[in-house]
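Shown below: model_29.cif, with mmCIF, C-alpha atoms and all ligand atoms.
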```
data_query
#
loop_
_atom_site.group_PDB
_atom_site.id
_atom_site.type_symbol
_atom_site.label_atom_id
_atom_site.label_comp_id
_atom_site.auth_asym_id
_atom_site.auth_seq_id
_atom_site.Cartn_x
_atom_site.Cartn_y
_atom_site.Cartn_z
ATOM 1 C CA MET J 1164 73.473 103.443 123.959
ATOM 2 C CA SER J 1165 75.834 105.981 122.407
ATOM 3 C CA GLN J 1166 77.626 104.979 119.228
ATOM 4 C CA GLN J 1167 80.219 107.707 119.765
ATOM 5 C CA LYS J 1168 83.580 106.174 120.473
ATOM 6 C CA THR J 1169 85.803 107.786 123.061
ATOM 7 C CA GLN J 1170 89.028 108.998 121.553
ATOM 8 C CA PRO J 1171 92.023 107.514 123.306
ATOM 9 C CA GLU J 1172 94.636 109.922 124.519
ATOM 10 C CA SER J 1173 97.595 110.347 122.252
ATOM 11 C CA THR J 1174 100.216 107.776 123.136
ATOM 12 C CA LEU J 1175 102.652 108.835 120.479
ATOM 13 C CA PRO J 1176 106.249 108.151 121.503
ATOM 14 C CA LYS J 1177 108.260 111.400 121.680
ATOM 15 C CA ASN J 1178 110.534 110.545 118.762
ATOM 16 C CA LEU J 1179 107.542 109.842 116.534
ATOM 17 C CA ALA J 1180 105.506 112.845 117.634
ATOM 18 C CA ALA J 1181 108.233 115.040 116.126
ATOM 19 C CA ASP J 1182 107.965 113.204 112.805
ATOM 20 C CA PRO J 1183 105.712 115.031 110.312
ATOM 21 C CA ARG J 1184 104.843 111.745 108.561
ATOM 22 C CA PHE J 1185 102.919 110.798 111.648
ATOM 23 C CA LEU J 1186 100.469 113.596 111.017
ATOM 24 C CA ALA J 1187 99.027 111.677 108.070
ATOM 25 C CA VAL J 1188 98.659 108.533 110.151
ATOM 26 C CA GLU J 1189 97.095 110.392 113.072
ATOM 27 C CA ARG J 1190 94.749 112.247 110.735
ATOM 28 C CA THR J 1191 93.549 108.976 109.223
ATOM 29 C CA ILE J 1192 92.979 107.391 112.628
ATOM 30 C CA LYS J 1193 90.931 110.415 113.701
ATOM 31 C CA GLN J 1194 89.082 110.520 110.382
ATOM 32 C CA TYR J 1195 87.914 106.940 111.050
ATOM 33 C CA GLN J 1196 87.112 107.831 114.649
ATOM 34 C CA PHE J 1197 89.589 105.312 116.061
ATOM 35 C CA ARG J 1198 87.501 102.450 114.644
ATOM 36 C CA ALA J 1199 89.152 99.011 114.624
ATOM 37 C CA ASP J 1200 87.684 98.227 111.204
ATOM 38 C CA ALA J 1201 89.777 101.049 109.724
ATOM 39 C CA LEU J 1202 92.931 99.035 110.366
ATOM 40 C CA ILE J 1203 93.776 98.360 106.705
ATOM 41 C CA GLU J 1204 93.212 101.994 105.666
ATOM 42 C CA VAL J 1205 95.376 103.209 108.538
ATOM 43 C CA LEU J 1206 98.143 100.745 107.687
ATOM 44 C CA HIS J 1207 98.016 101.839 104.040
ATOM 45 C CA VAL J 1208 98.604 105.438 105.030
ATOM 46 C CA ALA J 1209 101.344 104.420 107.458
ATOM 47 C CA GLN J 1210 103.050 102.291 104.802
ATOM 48 C CA GLU J 1211 102.901 105.115 102.275
ATOM 49 C CA ALA J 1212 104.192 107.690 104.728
ATOM 50 C CA PHE J 1213 107.066 105.643 106.162
ATOM 51 C CA GLY J 1214 107.782 103.123 103.412
ATOM 52 C CA TYR J 1215 107.414 100.256 105.876
ATOM 53 C CA LEU J 1216 105.672 99.319 109.105
ATOM 54 C CA SER J 1217 108.019 99.316 112.062
ATOM 55 C CA GLU J 1218 107.170 97.573 115.321
ATOM 56 C CA GLU J 1219 106.824 100.945 116.987
ATOM 57 C CA LEU J 1220 104.406 102.137 114.322
ATOM 58 C CA MET J 1221 102.290 98.975 114.515
ATOM 59 C CA SER J 1222 102.210 99.186 118.326
ATOM 60 C CA TYR J 1223 100.990 102.751 118.086
ATOM 61 C CA VAL J 1224 98.231 101.795 115.635
ATOM 62 C CA ALA J 1225 97.205 98.867 117.870
ATOM 63 C CA ARG J 1226 96.959 101.140 120.917
ATOM 64 C CA GLN J 1227 95.020 103.836 119.092
ATOM 65 C CA LEU J 1228 92.533 101.394 117.556
ATOM 66 C CA LYS J 1229 92.373 99.419 120.806
ATOM 67 C CA ILE J 1230 93.110 96.114 119.175
ATOM 68 C CA PRO J 1231 95.779 93.530 119.995
ATOM 69 C CA TYR J 1232 99.206 94.024 118.451
ATOM 70 C CA SER J 1233 98.933 90.462 117.091
ATOM 71 C CA ARG J 1234 95.989 91.521 114.922
ATOM 72 C CA VAL J 1235 97.911 94.439 113.441
ATOM 73 C CA TYR J 1236 100.917 92.204 112.866
ATOM 74 C CA GLY J 1237 98.698 89.531 111.296
ATOM 75 C CA VAL J 1238 97.215 91.972 108.776
ATOM 76 C CA ALA J 1239 100.603 93.577 108.043
ATOM 77 C CA THR J 1240 102.170 90.220 107.240
ATOM 78 C CA PHE J 1241 99.181 88.827 105.314
ATOM 79 C CA TYR J 1242 99.056 91.450 102.556
ATOM 80 C CA HIS J 1243 102.010 91.672 100.213
ATOM 81 C CA PHE J 1244 101.816 95.446 99.868
ATOM 82 C CA PHE J 1245 102.798 95.928 103.487
ATOM 83 C CA SER J 1246 106.441 95.644 104.421
ATOM 84 C CA LEU J 1247 107.933 95.250 107.885
ATOM 85 C CA GLU J 1248 111.371 96.317 106.725
ATOM 86 C CA PRO J 1249 112.618 99.470 105.030
ATOM 87 C CA ARG J 1250 112.340 99.117 101.299
ATOM 88 C CA GLY J 1251 115.035 99.800 98.758
ATOM 89 C CA LYS J 1252 115.171 102.841 96.513
ATOM 90 C CA HIS J 1253 113.719 100.706 93.711
ATOM 91 C CA SER J 1254 111.240 97.889 93.848
ATOM 92 C CA CYS J 1255 110.932 94.804 91.644
ATOM 93 C CA VAL J 1256 107.950 92.524 92.240
ATOM 94 C CA VAL J 1257 107.772 89.320 90.202
ATOM 95 C CA CYS J 1258 104.477 87.465 89.892
ATOM 96 C CA THR J 1259 104.619 83.799 90.809
ATOM 97 C CA GLY J 1260 100.916 83.113 90.322
ATOM 98 C CA THR J 1261 99.879 80.135 88.193
ATOM 99 C CA ALA J 1262 99.872 81.816 84.762
ATOM 100 C CA CYS J 1263 103.278 83.389 85.401
ATOM 101 C CA TYR J 1264 104.648 80.260 87.045
ATOM 102 C CA VAL J 1265 103.932 78.128 83.975
ATOM 103 C CA LYS J 1266 105.796 80.751 81.947
ATOM 104 C CA ARG J 1267 108.813 80.232 84.212
ATOM 105 C CA SER J 1268 108.605 83.250 86.477
ATOM 106 C CA SER J 1269 110.442 81.272 89.173
ATOM 107 C CA GLU J 1270 113.480 81.266 86.865
ATOM 108 C CA ILE J 1271 113.224 85.047 86.607
ATOM 109 C CA VAL J 1272 113.193 85.335 90.404
ATOM 110 C CA ALA J 1273 116.196 83.019 90.728
ATOM 111 C CA ARG J 1274 118.112 84.964 88.073
ATOM 112 C CA LEU J 1275 117.361 88.301 89.767
ATOM 113 C CA GLU J 1276 118.370 86.885 93.170
ATOM 114 C CA GLN J 1277 121.675 85.751 91.716
ATOM 115 C CA GLU J 1278 122.376 88.910 89.734
ATOM 116 C CA PHE J 1279 121.601 91.372 92.519
ATOM 117 C CA ASP J 1280 122.695 89.171 95.421
ATOM 118 C CA VAL J 1281 119.397 89.447 97.251
ATOM 119 C CA ARG J 1282 116.763 86.942 98.313
ATOM 120 C CA ALA J 1283 113.135 87.475 97.315
ATOM 121 C CA GLY J 1284 111.422 89.429 100.074
ATOM 122 C CA LYS J 1285 114.625 91.289 100.964
ATOM 123 C CA THR J 1286 116.518 94.455 100.083
ATOM 124 C CA THR J 1287 120.037 94.611 98.681
ATOM 125 C CA ALA J 1288 122.781 95.555 101.142
ATOM 126 C CA ASP J 1289 123.212 98.950 99.452
ATOM 127 C CA GLY J 1290 119.491 99.680 99.714
ATOM 128 C CA ALA J 1291 119.139 100.038 95.938
ATOM 129 C CA LEU J 1292 116.579 97.300 95.307
ATOM 130 C CA THR J 1293 113.859 95.388 97.091
ATOM 131 C CA LEU J 1294 112.947 92.146 95.337
ATOM 132 C CA SER J 1295 109.571 90.616 96.122
ATOM 133 C CA THR J 1296 107.161 88.057 94.737
ATOM 134 C CA VAL J 1297 103.402 88.120 94.609
ATOM 135 C CA ARG J 1298 100.615 85.695 93.680
ATOM 136 C CA CYS J 1299 98.861 87.117 90.612
ATOM 137 C CA LEU J 1300 98.913 90.747 89.663
ATOM 138 C CA GLY J 1301 95.741 90.428 87.628
ATOM 139 C CA SER J 1302 97.571 90.747 84.304
ATOM 140 C CA CYS J 1303 97.768 87.036 83.497
ATOM 141 C CA GLY J 1304 97.481 87.680 79.736
ATOM 142 C CA LEU J 1305 100.897 89.359 79.916
ATOM 143 C CA ALA J 1306 102.585 86.509 81.819
ATOM 144 C CA PRO J 1307 105.234 86.391 83.035
ATOM 145 C CA VAL J 1308 104.747 89.767 84.659
ATOM 146 C CA MET J 1309 106.797 91.927 86.969
ATOM 147 C CA VAL J 1310 106.219 95.373 88.433
ATOM 148 C CA LEU J 1311 109.124 97.804 88.493
ATOM 149 C CA ASP J 1312 108.666 100.809 90.733
ATOM 150 C CA GLY J 1313 104.910 100.472 90.373
ATOM 151 C CA GLU J 1314 104.802 99.984 86.597
ATOM 152 C CA THR J 1315 103.780 96.687 85.053
ATOM 153 C CA VAL J 1316 106.156 95.032 82.607
ATOM 154 C CA GLY J 1317 104.761 91.994 80.805
ATOM 155 C CA ARG J 1318 106.191 89.056 78.884
ATOM 156 C CA CYS J 1319 109.525 89.219 80.667
ATOM 157 C CA SER J 1320 112.408 86.860 80.273
ATOM 158 C CA SER J 1321 115.180 86.382 82.816
ATOM 159 C CA GLU J 1322 117.491 88.430 80.607
ATOM 160 C CA SER J 1323 115.048 91.282 79.997
ATOM 161 C CA ALA J 1324 114.171 91.395 83.711
ATOM 162 C CA VAL J 1325 117.821 91.652 84.742
ATOM 163 C CA ALA J 1326 118.496 94.267 82.053
ATOM 164 C CA ALA J 1327 115.465 96.333 83.046
ATOM 165 C CA VAL J 1328 116.412 96.330 86.729
ATOM 166 C CA HIS J 1329 120.001 97.281 85.886
ATOM 167 C CA VAL J 1330 118.798 100.172 83.741
ATOM 168 C CA LEU J 1331 116.432 101.255 86.480
ATOM 169 C CA ILE J 1332 119.142 101.275 89.122
ATOM 170 C CA ASP J 1333 121.949 102.622 86.960
ATOM 171 C CA SER J 1334 120.189 105.321 84.977
ATOM 172 C CA GLY J 1335 117.115 106.160 86.974
ATOM 173 C CA ARG J 1336 114.944 105.854 83.852
ATOM 174 C CA THR J 1337 111.312 104.971 84.337
ATOM 175 C CA PRO J 1338 110.043 101.405 83.922
ATOM 176 C CA GLY J 1339 107.578 102.658 81.275
ATOM 177 C CA SER J 1340 110.341 103.909 79.001
ATOM 178 C CA ILE J 1341 112.324 100.726 79.551
ATOM 179 C CA ALA J 1342 109.326 98.565 78.617
ATOM 180 C CA ALA J 1343 108.688 100.636 75.489
ATOM 181 C CA GLU J 1344 112.318 100.240 74.438
ATOM 182 C CA GLU J 1345 112.136 96.498 75.048
ATOM 183 C CA GLN J 1346 108.976 96.252 72.947
ATOM 184 C CA SER J 1347 110.422 98.177 70.000
ATOM 185 C CA ARG J 1348 113.591 96.094 70.250
ATOM 186 C CA ARG J 1349 111.469 92.939 69.903
ATOM 187 C CA LYS J 1350 109.591 94.425 66.974
ATOM 188 C CA ARG J 1351 112.831 95.296 65.212
ATOM 189 C CA ARG J 1352 113.934 91.718 65.646
ATOM 190 C CA GLY J 1353 110.607 90.632 64.145
ATOM 191 C CA GLY J 1354 109.889 88.590 67.260
ATOM 192 C CA GLY J 1355 106.712 88.929 69.270
ATOM 193 C CA ALA J 1356 106.487 87.781 72.808
HETATM 194 S S1 LIG N 1 99.445 84.846 87.515
HETATM 195 FE FE1 LIG N 1 100.827 86.456 87.127
HETATM 196 S S2 LIG N 1 99.544 88.091 86.628
HETATM 197 FE FE2 LIG N 1 98.164 86.515 87.084
#
```
Write the structure described by the file as structure tokens, please.
Ligand code: FES
Amino acid sequence: MSQQKTQPESTLPKNLAADPRFLAVERTIKQYQFRADALIEVLHVAQEAFGYLSEELMSYVARQLKIPYSRVYGVATFYHFFSLEPRGKHSCVVCTGTACYVKRSSEIVARLEQEFDVRAGKTTADGALTLSTVRCLGSCGLAPVMVLDGETVGRCSSESAVAAVHVLIDSGRTPGSIAAEEQSRRKRRGGGA
């Protein structure tokens, strides 16, 4: 019995076929020979290319991998790093895992929701910020932890989180420089965490 899988014909909708970001997705699907077990890798590439997974995109992946749409949707909604909606220009992810929770990360989330008028899991109306939560970022020693535009910021308070997000949005500075400033500010005050 041949192990070679028949490549399905391209079923790319016209509007997407003209989109160069689709090349990366198509390339990945072909690289994995249209195998269903490549679903997560394909979705990663699609998420990176488009910033989120639209229904159209997920349908296309389901057709190409010959799996039910419900399976694609299930995976896309199970993992926090996939988003079904366009994300904001900046991203703030607050950890609500146990170590962060006991250090009051839920208060940080509530404060950010209030300050930026956005619910966790959503994007602000002006598209500036997507606020999300996640269960454990693997940096429990730094709890409470948040990730700003991909950079980890530890030992946050509600005030420092709000200030850091404001700086990020208003000045476009990197989270790393903001965290360093926050740390030296604490040192100057003679505080620690
Ligand atoms: S619980 Fe927050 S980093 Fe582990």
Contacts to ligand LIG 1 (chain N) at 7 Å cut-off (only C-alpha atoms and all ligand atoms) as a list in words: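 So, counting only C-alpha atoms and all ligand atoms, the residues near ligand LIG 1 (chain N) are Cys1258, Thr1259, Gly1260, Thr1261, Ala1262, Cys1263, Tyr1264, Arg1298, Cys1299, Leu1300, Gly1301, Ser1302, Cys1303, Leu1305, Ala1306, Pro1307 and Val1308 of chain J.
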Take the point (107.2, 95.6, 88.5) in the file's coordinates, draw a sphere of radius 10 Å around it, and report as a list of chain:residue names every protein, DNA or RNA residue with an atom inside or on it, counting all atoms listed in the file.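 Protein and nucleic acid residues near the point are J:His1253, J:Ser1254, J:Cys1255, J:Val1256, J:Val1257, J:Cys1258, J:Leu1294, J:Ser1295, J:Thr1296, J:Leu1300, J:Val1308, J:Met1309, J:Val1310, J:Leu1311, J:Asp1312, J:Gly1313, J:Glu1314, J:Thr1315, J:Val1316, J:Gly1317, J:Ala1324, J:Ala1327, J:Val1328, J:Pro1338.
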For the file shown, what are the residues hit by the PyMOL selection byres (((chain J and resi 1326) around 12) and not hetatm), laid out as a PyMOL selection string? chain J and resi 1271+1274-1275+1278-1279+1311+1319-1325+1327-1334+1338+1341-1342+1344-1345
Export of prior selection with C-alpha atoms as a JSON list (two decimals), keeping the file's coordinate frame:
```json
[["chain", "number", "residue", "atom", "x", "y", "z"],
["J", 1271, "ILE", "CA", 113.22, 85.05, 86.61],
["J", 1274, "ARG", "CA", 118.11, 84.96, 88.07],
["J", 1275, "LEU", "CA", 117.36, 88.30, 89.77],
["J", 1278, "GLU", "CA", 122.38, 88.91, 89.73],
["J", 1279, "PHE", "CA", 121.60, 91.37, 92.52],
["J", 1311, "LEU", "CA", 109.12, 97.80, 88.49],
["J", 1319, "CYS", "CA", 109.52, 89.22, 80.67],
["J", 1320, "SER", "CA", 112.41, 86.86, 80.27],
["J", 1321, "SER", "CA", 115.18, 86.38, 82.82],
["J", 1322, "GLU", "CA", 117.49, 88.43, 80.61],
["J", 1323, "SER", "CA", 115.05, 91.28, 80.00],
["J", 1324, "ALA", "CA", 114.17, 91.40, 83.71],
["J", 1325, "VAL", "CA", 117.82, 91.65, 84.74],
["J", 1327, "ALA", "CA", 115.46, 96.33, 83.05],
["J", 1328, "VAL", "CA", 116.41, 96.33, 86.73],
["J", 1329, "HIS", "CA", 120.00, 97.28, 85.89],
["J", 1330, "VAL", "CA", 118.80, 100.17, 83.74],
["J", 1331, "LEU", "CA", 116.43, 101.26, 86.48],
["J", 1332, "ILE", "CA", 119.14, 101.28, 89.12],
["J", 1333, "ASP", "CA", 121.95, 102.62, 86.96],
["J", 1334, "SER", "CA", 120.19, 105.32, 84.98],
["J", 1338, "PRO", "CA", 110.04, 101.40, 83.92],
["J", 1341, "ILE", "CA", 112.32, 100.73, 79.55],
["J", 1342, "ALA", "CA", 109.33, 98.56, 78.62],
["J", 1344, "GLU", "CA", 112.32, 100.24, 74.44],
["J", 1345, "GLU", "CA", 112.14, 96.50, 75.05]]
```
With a cut-off of 12 Å, could you pull out the residues of range 1212-1274 of chain J touching range 1184-1187 of chain J and give me the nearest pair of atoms for each, distance in Å to one decimal, using only C-alpha atoms, ordered by chain and ascending number, as JSON lines?
```
{"residue": "J:Ala1212", "atom": "CA", "partner": "J:Arg1184", "partner_atom": "CA", "distance": 5.6}
{"residue": "J:Phe1213", "atom": "CA", "partner": "J:Arg1184", "partner_atom": "CA", "distance": 6.9}
{"residue": "J:Gly1214", "atom": "CA", "partner": "J:Arg1184", "partner_atom": "CA", "distance": 10.5}
{"residue": "J:Glu1219", "atom": "CA", "partner": "J:Phe1185", "partner_atom": "CA", "distance": 11.9}
{"residue": "J:Leu1220", "atom": "CA", "partner": "J:Phe1185", "partner_atom": "CA", "distance": 9.2}
{"residue": "J:Tyr1223", "atom": "CA", "partner": "J:Phe1185", "partner_atom": "CA", "distance": 10.5}
{"residue": "J:Val1224", "atom": "CA", "partner": "J:Phe1185", "partner_atom": "CA", "distance": 10.9}
```
Expansion of the PyMOL selection byres (((chain J and resi 1238) around 12) and not hetatm) into residues, as a PyMOL selection string: chain J and resi 1200-1207+1216+1221+1225+1230-1237+1239-1247
Pairwise distance, CA of Val1297 in chain J with CA of Thr1191 in chain J, equals 27.3 Å
Could you tell me how far CA of Ser1217 in chain J lies from CA of Pro1249 in chain J, in Å and to one decimal?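 Distance between the two atoms: 8.4 Å.
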What does the structure give for the distance between CA of Gln1210 in chain J and CA of Arg1250 in chain J, in Å to one decimal?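 Computing it gives 10.4 Å between the two atoms.
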Could you name the residues that touch range 1192-1196 of chain J at 8 Å or less, counting only C-alpha atoms, but leaving out those on the same chain fewer than 2 positions away, as a list in words?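 In the requested form, the answer reads Lys1168, Gln1170, Val1188, Glu1189, Arg1190, Arg1198, Ala1201, Val1205, Gln1227 and Leu1228 of chain J.
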I need the chosen residues saved as a PDB file, keeping the file's coordinate frame, with C-alpha atoms.
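Output file result.pdb is given in full below:
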```
ATOM      1  CA  LYS J1168      83.580 106.174 120.473  1.00  0.00           C
ATOM      2  CA  GLN J1170      89.028 108.998 121.553  1.00  0.00           C
ATOM      3  CA  VAL J1188      98.659 108.533 110.151  1.00  0.00           C
ATOM      4  CA  GLU J1189      97.095 110.392 113.072  1.00  0.00           C
ATOM      5  CA  ARG J1190      94.749 112.247 110.735  1.00  0.00           C
ATOM      6  CA  ARG J1198      87.501 102.450 114.644  1.00  0.00           C
ATOM      7  CA  ALA J1201      89.777 101.049 109.724  1.00  0.00           C
ATOM      8  CA  VAL J1205      95.376 103.209 108.538  1.00  0.00           C
ATOM      9  CA  GLN J1227      95.020 103.836 119.092  1.00  0.00           C
ATOM     10  CA  LEU J1228      92.533 101.394 117.556  1.00  0.00           C
TER      11      LEU J1228
END
```
Could you list the residues chosen by the PyMOL selection byres (((chain J and resi 1251) around 6) and not hetatm) in this structure as a PyMOL selection string? chain J and resi 1250+1252-1253+1286+1290-1293
Extract, using only C-alpha atoms, all DNA, RNA and protein residues at most 9 Å from Ala1273 in chain J, discarding same-chain residues fewer than 3 positions from it, and format them as a short mmCIF file (atom, residue, chain, number, x, y, z; two decimals) with C-alpha atoms, in the frame of the given file.
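And here is the file that came out, out.cif:
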```
data_model
loop_
_atom_site.label_atom_id
_atom_site.label_comp_id
_atom_site.auth_asym_id
_atom_site.auth_seq_id
_atom_site.Cartn_x
_atom_site.Cartn_y
_atom_site.Cartn_z
CA SER J 1268 108.60 83.25 86.48
CA SER J 1269 110.44 81.27 89.17
CA GLU J 1270 113.48 81.27 86.86
CA GLU J 1276 118.37 86.88 93.17
CA GLN J 1277 121.68 85.75 91.72
CA GLU J 1278 122.38 88.91 89.73
CA ARG J 1282 116.76 86.94 98.31
CA ALA J 1283 113.14 87.48 97.32
CA SER J 1321 115.18 86.38 82.82
#
```
